[in-house]
file start_20.txt (compact mmCIF, C-alpha atoms)
# COMPACT_ATOMS: atom_id res chain seq x y z
CA MET X 111 88.38 37.83 -20.56
CA GLU X 112 89.35 40.89 -22.59
CA THR X 113 89.11 42.00 -26.23
CA SER X 114 90.63 45.13 -27.79
CA VAL X 115 89.38 47.23 -30.69
CA ARG X 116 90.91 50.42 -32.11
CA VAL X 117 88.69 53.25 -33.35
CA PRO X 118 89.59 56.61 -34.93
CA LYS X 119 90.25 59.30 -32.33
CA ASP X 120 87.58 61.61 -33.72
CA ARG X 121 84.97 58.93 -32.96
CA ILE X 122 85.90 58.53 -29.29
CA ALA X 123 83.50 61.29 -28.21
CA VAL X 124 80.64 59.56 -30.05
CA LEU X 125 81.48 56.26 -28.39
CA ILE X 126 81.50 57.82 -24.92
CA GLY X 127 78.47 60.07 -25.41
CA LYS X 128 77.33 63.03 -23.34
CA GLY X 129 78.26 62.43 -19.73
CA GLY X 130 79.29 58.85 -20.65
CA ALA X 131 75.69 57.91 -21.46
CA THR X 132 76.49 56.00 -24.66
CA ARG X 133 79.29 54.00 -23.07
CA LYS X 134 77.08 53.06 -20.12
CA GLY X 135 74.27 52.02 -22.43
CA LEU X 136 76.59 49.80 -24.47
CA GLU X 137 78.04 48.23 -21.33
CA LYS X 138 74.55 47.41 -20.08
CA ALA X 139 73.41 46.02 -23.44
CA ALA X 140 76.27 43.49 -23.61
CA ASN X 141 77.08 43.10 -19.90
CA VAL X 142 80.66 44.29 -20.39
CA SER X 143 83.06 46.93 -19.06
CA LEU X 144 84.69 49.38 -21.49
CA LEU X 145 88.03 51.08 -20.99
CA ILE X 146 88.51 53.77 -23.63
CA ASP X 147 91.92 55.36 -24.26
CA SER X 148 91.16 58.70 -25.91
CA THR X 149 94.84 59.18 -26.77
CA SER X 150 95.41 56.00 -28.77
CA GLY X 151 91.82 55.14 -29.68
CA ASP X 152 92.12 51.69 -28.11
CA VAL X 153 88.93 50.28 -26.59
CA SER X 154 89.32 47.38 -24.16
CA ILE X 155 86.26 45.17 -23.67
CA THR X 156 86.17 43.15 -20.44
CA TRP X 157 83.66 40.31 -20.25
CA ASP X 158 82.00 38.90 -17.16
CA PRO X 159 83.36 35.30 -17.01
CA GLU X 160 80.27 34.05 -15.18
CA ASN X 161 77.72 35.62 -17.49
CA THR X 162 79.11 35.61 -21.02
CA ASP X 163 76.99 35.25 -24.16
CA PRO X 164 79.20 33.80 -26.94
CA VAL X 165 77.09 35.50 -29.64
CA LYS X 166 77.51 38.89 -27.99
CA MET X 167 81.22 38.21 -27.57
CA MET X 168 81.46 37.78 -31.32
CA LYS X 169 79.25 40.75 -32.24
CA PHE X 170 80.13 43.42 -29.70
CA PRO X 171 83.62 44.18 -31.08
CA GLU X 172 81.99 44.58 -34.51
CA LEU X 173 79.47 46.99 -32.95
CA ILE X 174 82.38 49.11 -31.63
CA LYS X 175 83.97 49.00 -35.09
CA ALA X 176 80.70 50.14 -36.67
CA ILE X 177 80.52 53.16 -34.36
CA GLY X 178 84.20 53.85 -35.00
CA ARG X 179 83.57 53.75 -38.77
CA GLY X 180 80.82 56.38 -38.78
CA MET X 181 77.61 54.64 -37.70
CA SER X 182 75.55 56.18 -34.92
CA PRO X 183 75.34 54.12 -31.70
CA LYS X 184 71.52 54.04 -32.02
CA LYS X 185 71.80 52.30 -35.40
CA ALA X 186 74.81 50.14 -34.52
CA ILE X 187 73.06 48.62 -31.49
CA LYS X 188 70.82 46.68 -33.90
CA LEU X 189 73.78 44.34 -34.33
CA MET X 190 72.99 42.87 -30.92
CA GLU X 191 69.85 41.33 -32.39
CA ASP X 192 70.27 37.64 -33.25
CA GLU X 193 69.24 38.03 -36.88
CA CYS X 194 71.53 41.00 -37.67
CA TYR X 195 75.04 40.77 -39.13
CA PHE X 196 78.01 43.02 -39.88
CA GLN X 197 79.85 43.72 -43.12
CA LEU X 198 82.81 46.08 -43.62
CA TYR X 199 84.39 47.14 -46.92
CA ASP X 200 87.71 48.90 -47.35
CA MET X 201 87.40 50.91 -50.56
CA ARG X 202 91.20 51.05 -50.87
CA GLU X 203 90.99 47.50 -52.19
CA TRP X 204 89.12 48.94 -55.20
CA VAL X 205 90.53 52.47 -55.70
CA GLY X 206 93.92 52.34 -54.01
CA LYS X 207 95.31 54.69 -51.38
CA GLN X 208 94.99 57.99 -53.25
CA HIS X 209 92.96 60.44 -51.20
CA LEU X 210 91.17 61.96 -54.21
CA GLN X 211 90.05 58.54 -55.47
CA GLN X 212 88.70 57.64 -52.05
CA LYS X 213 86.87 60.97 -51.82
CA ARG X 214 85.33 60.38 -55.26
CA MET X 215 84.19 56.89 -54.22
CA ARG X 216 82.70 58.18 -50.98
CA GLY X 217 80.66 60.62 -53.04
CA ARG X 218 79.44 57.83 -55.32
CA LEU X 219 78.47 55.59 -52.38
CA ILE X 220 76.57 58.38 -50.61
CA GLY X 221 75.10 60.06 -53.70
CA SER X 222 73.79 63.58 -54.09
CA GLU X 223 72.32 64.67 -50.74
CA GLY X 224 72.65 61.08 -49.53
CA LYS X 225 70.14 59.70 -52.04
CA ILE X 226 72.06 56.53 -52.97
CA ARG X 227 72.76 55.56 -49.37
CA ARG X 228 69.11 56.15 -48.43
CA PHE X 229 67.93 54.15 -51.43
CA ILE X 230 70.09 51.19 -50.40
CA GLU X 231 68.92 51.42 -46.79
CA GLN X 232 65.22 51.74 -47.66
CA ASN X 233 65.26 48.85 -50.14
CA THR X 234 67.27 46.42 -48.00
CA GLY X 235 66.36 47.34 -44.42
CA CYS X 236 70.08 47.70 -43.66
CA GLU X 237 71.99 50.45 -41.89
CA MET X 238 74.88 51.90 -43.92
CA ALA X 239 77.74 54.22 -42.98
CA VAL X 240 80.50 55.62 -45.20
CA TYR X 241 83.50 56.95 -43.31
CA GLY X 242 87.07 57.56 -44.42
CA SER X 243 88.03 54.63 -46.60
CA THR X 244 85.41 52.22 -45.23
CA VAL X 245 81.79 51.23 -45.75
CA VAL X 246 79.89 49.52 -42.94
CA LEU X 247 76.64 47.58 -43.32
CA ILE X 248 74.41 46.08 -40.63
CA GLY X 249 71.37 44.04 -41.64
CA ASP X 250 69.56 40.72 -41.55
CA GLU X 251 70.21 37.64 -43.69
CA ASP X 252 67.73 38.81 -46.34
CA GLY X 253 68.73 42.45 -46.68
CA LEU X 254 72.48 42.29 -46.12
CA PRO X 255 73.29 40.38 -49.35
CA LEU X 256 71.22 42.88 -51.35
CA ALA X 257 73.01 45.87 -49.79
CA SER X 258 76.39 44.18 -50.19
CA ASN X 259 75.77 43.56 -53.90
CA ALA X 260 74.79 47.21 -54.41
CA VAL X 261 77.88 48.50 -52.59
CA GLU X 262 80.19 46.16 -54.49
CA ARG X 263 78.72 47.25 -57.84
CA ILE X 264 79.42 50.89 -56.99
CA LEU X 265 82.93 50.03 -55.84
CA ARG X 266 83.51 48.27 -59.18
CA GLY X 267 82.44 51.39 -61.03
CA SER X 268 78.84 50.64 -62.06
CA GLU X 269 76.58 53.61 -62.80
CA HIS X 270 73.96 54.54 -60.22
CA GLY X 271 71.13 53.72 -62.62
CA THR X 272 72.50 50.21 -63.16
CA VAL X 273 72.88 49.69 -59.41
CA ILE X 274 69.33 50.89 -58.72
CA LYS X 275 67.79 48.64 -61.39
CA ALA X 276 69.80 45.62 -60.24
CA LEU X 277 68.80 46.17 -56.60
CA GLU X 278 65.13 46.53 -57.53
CA ARG X 279 65.29 43.34 -59.61
CA GLU X 280 67.05 41.35 -56.87
CA ARG X 281 64.58 42.61 -54.29
CA ARG X 282 61.65 41.62 -56.50
CA ASP X 283 63.16 38.18 -57.20
CA LYS X 284 63.72 37.57 -53.49
CA LYS X 285 60.10 38.45 -52.73
CA MET X 286 58.85 36.09 -55.43
CA ALA X 287 61.12 33.30 -54.17
CA ALA X 288 59.78 33.82 -50.64
CA ARG X 289 56.20 33.64 -51.92
CA ARG X 290 56.92 30.41 -53.79
CA LEU X 291 58.47 28.92 -50.67
CA ASP X 292 55.44 29.92 -48.59
CA TYR X 293 53.15 28.35 -51.21
CA ILE X 294 55.14 25.10 -51.25
CA GLU X 295 55.11 24.91 -47.45
CA GLU X 296 51.38 25.65 -47.34
CA LYS X 297 50.65 23.08 -50.03
CA GLY X 298 52.76 20.47 -48.30
CA SER X 299 50.96 21.00 -45.02
CA THR X 300 47.49 20.61 -46.57
CA SER X 301 45.72 17.60 -45.01
CA GLU X 302 44.05 14.87 -47.07
CA SER X 303 40.63 16.08 -46.00
CA GLY X 304 41.55 19.60 -47.05
CA PHE X 305 42.63 18.32 -50.46
CA GLU X 306 39.37 16.44 -50.84
CA GLN X 307 37.52 19.69 -50.23
CA LEU X 308 39.40 21.21 -53.16
CA VAL X 309 38.32 18.31 -55.46
CA PRO X 310 34.53 17.80 -55.28
CA GLY X 311 33.45 14.14 -55.55
CA LEU X 312 36.90 12.73 -54.72
CA ALA X 313 35.81 11.19 -51.41
CA GLU X 314 32.73 9.60 -53.04
CA ALA X 315 34.82 8.15 -55.87
CA ARG X 316 37.24 6.66 -53.38
CA GLN X 317 34.33 5.12 -51.45
CA ARG X 318 32.92 3.54 -54.63
CA SER X 319 36.35 2.15 -55.39
CA ARG X 320 36.52 0.60 -51.95
CA ARG X 321 33.05 -0.98 -52.35
CA HIS X 322 34.01 -2.33 -55.77
CA LYS X 323 37.18 -3.88 -54.41
CA SER X 324 35.33 -5.39 -51.45
CA SER X 325 32.77 -7.03 -53.81
CA GLN X 326 35.37 -8.73 -55.97
CA VAL X 327 35.82 -12.53 -55.54
CA ASP X 328 39.07 -14.42 -55.45
CA PRO X 329 38.88 -16.75 -58.52
CA ASP X 330 40.97 -19.37 -56.67
CA ASP X 331 38.38 -19.59 -53.88
CA GLU X 332 35.93 -22.25 -55.22
CA GLU X 333 33.37 -21.81 -52.43
CA ALA X 334 33.27 -18.04 -52.96
CA VAL X 335 32.89 -18.48 -56.70
CA ALA X 336 30.09 -21.03 -56.25
CA GLU X 337 28.30 -18.77 -53.80
CA MET X 338 28.53 -15.85 -56.20
CA MET X 339 27.09 -18.00 -59.04
CA GLU X 340 24.05 -19.11 -57.06
CA LEU X 341 20.81 -17.45 -58.13
CA ALA X 342 18.58 -15.70 -55.69
CA ASP X 343 14.92 -16.79 -55.36
CA ASP X 344 13.76 -14.01 -57.67
CA GLU X 345 16.44 -14.60 -60.30
CA SER X 346 16.37 -16.87 -63.37
CA VAL X 347 18.46 -17.56 -66.44
CA SER X 348 16.89 -17.73 -69.86
CA TRP X 349 18.47 -18.65 -73.15
CA ALA X 350 17.50 -17.43 -76.54
CA GLU X 351 18.98 -17.77 -79.98
CA GLU X 352 19.75 -14.59 -81.85

call {"tool": "encode", "arguments": {"input": "start_20.txt", "output": "structure tokens"}}
result
Amino acid sequence: METSVRVPKDRIAVLIGKGGATRKGLEKAANVSLLIDSTSGDVSITWDPENTDPVKMMKFPELIKAIGRGMSPKKAIKLMEDECYFQLYDMREWVGKQHLQQKRMRGRLIGSEGKIRRFIEQNTGCEMAVYGSTVVLIGDEDGLPLASNAVERILRGSEHGTVIKALERERRDKKMAARRLDYIEEKGSTSESGFEQLVPGLAEARQRSRRHKSSQVDPDDEEAVAEMMELADDESVSWAEE
């Protein structure tokens, strides 16, 4: 089974690595064979038919794309983890094909000295690469939506300050939602005995209720009523007028 991916020619050397070390490492990580055409940029991925992981089959071509679109192999390999996912944006869909507009947008996505990109990475746990006309994100199901929202706001023209505040707010809201979920799960798993410990006297009140119910007599049971009405040896009934 074979899959093909095309990467920019100037990224072929990164994909191969010094002495082919990167290519060998990628082949071992996914149990594949890579055939790289340095002239066309085509990368052929051959899978072992007897030992194929369907998840890796889906993710490995995206890993090659991530490296081809500017991400280092060391960061891109995180995509092989089960909980990590891939997102690619083509900024031409927002700014068109003009080179100057794309250059301006790259600058906005990276920020002065890379500050915006680092801020997005540090606050989402995602890896981010800006290359040519594309933006690549790799992250888990919690961080990737946050990073995607930040990137899309910048692509739509939002100011950096607005993007930073929105990301901080969304991150804070997600943390609070996670805490509420943990609380609900913990509360739902609390045993009855544990709840009784939280409410002093509850067990005793329940016991009194049980004793009260057990002492009640069925009014339709004549024998039980008669037995209840009988006086003990030390009991008497006296009558007096008020």

call {"tool": "closest_residue", "arguments": {"input": "start_20.txt", "among": "X:Leu256, X:Leu144, X:Val117, X:Ala287", "to": "X:Ile274", "atoms": "only C-alpha atoms"}}
result
X:Leu256

call {"tool": "closest_residue", "arguments": {"input": "start_20.txt", "among": "X:Glu262, X:Glu278, X:Glu269, X:Asp283", "to": "X:Glu203", "atoms": "only C-alpha atoms"}}
result
X:Glu262

call {"tool": "closest_atom_pairs", "arguments": {"input": "start_20.txt", "of": "stretch 156-208 of chain X", "to": "stretch 137-141 of chain X", "cutoff": "9 Å", "atoms": "only C-alpha atoms", "output": "JSON lines"}}
result
{"residue": "X:Trp157", "atom": "CA", "partner": "X:Asn141", "partner_atom": "CA", "distance": 7.2}
{"residue": "X:Asp158", "atom": "CA", "partner": "X:Asn141", "partner_atom": "CA", "distance": 7.0}
{"residue": "X:Asn161", "atom": "CA", "partner": "X:Asn141", "partner_atom": "CA", "distance": 7.9}
{"residue": "X:Thr162", "atom": "CA", "partner": "X:Asn141", "partner_atom": "CA", "distance": 7.8}
{"residue": "X:Asp163", "atom": "CA", "partner": "X:Ala140", "partner_atom": "CA", "distance": 8.3}
{"residue": "X:Lys166", "atom": "CA", "partner": "X:Ala140", "partner_atom": "CA", "distance": 6.5}
{"residue": "X:Met167", "atom": "CA", "partner": "X:Ala140", "partner_atom": "CA", "distance": 8.3}
{"residue": "X:Phe170", "atom": "CA", "partner": "X:Ala140", "partner_atom": "CA", "distance": 7.2}
{"residue": "X:Ile187", "atom": "CA", "partner": "X:Ala139", "partner_atom": "CA", "distance": 8.5}
{"residue": "X:Met190", "atom": "CA", "partner": "X:Ala140", "partner_atom": "CA", "distance": 8.0}

call {"tool": "residues_around", "arguments": {"input": "start_20.txt", "residues": "X:Arg216", "least_positions_apart": "4", "cutoff": "9 Å", "atoms": "all atoms listed in the file", "output": "PyMOL selection string"}}
result
chain X and resi 201+211-212+220-221+240-245

call {"tool": "residues_around", "arguments": {"input": "start_20.txt", "residues": "X:Asp120", "least_positions_apart": "5", "cutoff": "12 Å", "atoms": "all atoms listed in the file", "output": "ChimeraX atom specification"}}
result
/X:125-126,148-151,177-180,241-242

call {"tool": "residues_around", "arguments": {"input": "start_20.txt", "residues": "X:Glu191", "least_positions_apart": "6", "cutoff": "10 Å", "atoms": "all atoms listed in the file", "output": "PyMOL selection string"}}
result
chain X and resi 165-166+169+249-250

call {"tool": "write_last_selection", "arguments": {"input": "start_20.txt", "atoms": "C-alpha atoms", "output": "PDB file, in the coordinates of the input"}}
result
ATOM      1  CA  VAL X 165      77.090  35.500 -29.640  1.00  0.00           C
ATOM      2  CA  LYS X 166      77.510  38.890 -27.990  1.00  0.00           C
ATOM      3  CA  LYS X 169      79.250  40.750 -32.240  1.00  0.00           C
ATOM      4  CA  GLY X 249      71.370  44.040 -41.640  1.00  0.00           C
ATOM      5  CA  ASP X 250      69.560  40.720 -41.550  1.00  0.00           C
TER       6      ASP X 250
END

call {"tool": "closest_residue", "arguments": {"input": "start_20.txt", "among": "X:Ser222, X:Ser182, X:Ser143, X:Ser258", "to": "X:Gly127", "atoms": "only C-alpha atoms"}}
result
X:Ser182

call {"tool": "atom_distance", "arguments": {"input": "start_20.txt", "atom1": "atom CA of X:Ile230", "atom2": "atom CA of X:Met168"}}
result
25.9 Å

call {"tool": "axis_aligned_box", "arguments": {"input": "start_20.txt", "around": "stretch 183-192 of chain X", "padding_each_side": "4 Å", "output": "lines of an AutoDock Vina configuration file"}}
result
center_x = 72.6
center_y = 45.9
center_z = -33.2
size_x = 13.5
size_y = 24.5
size_z = 12.5
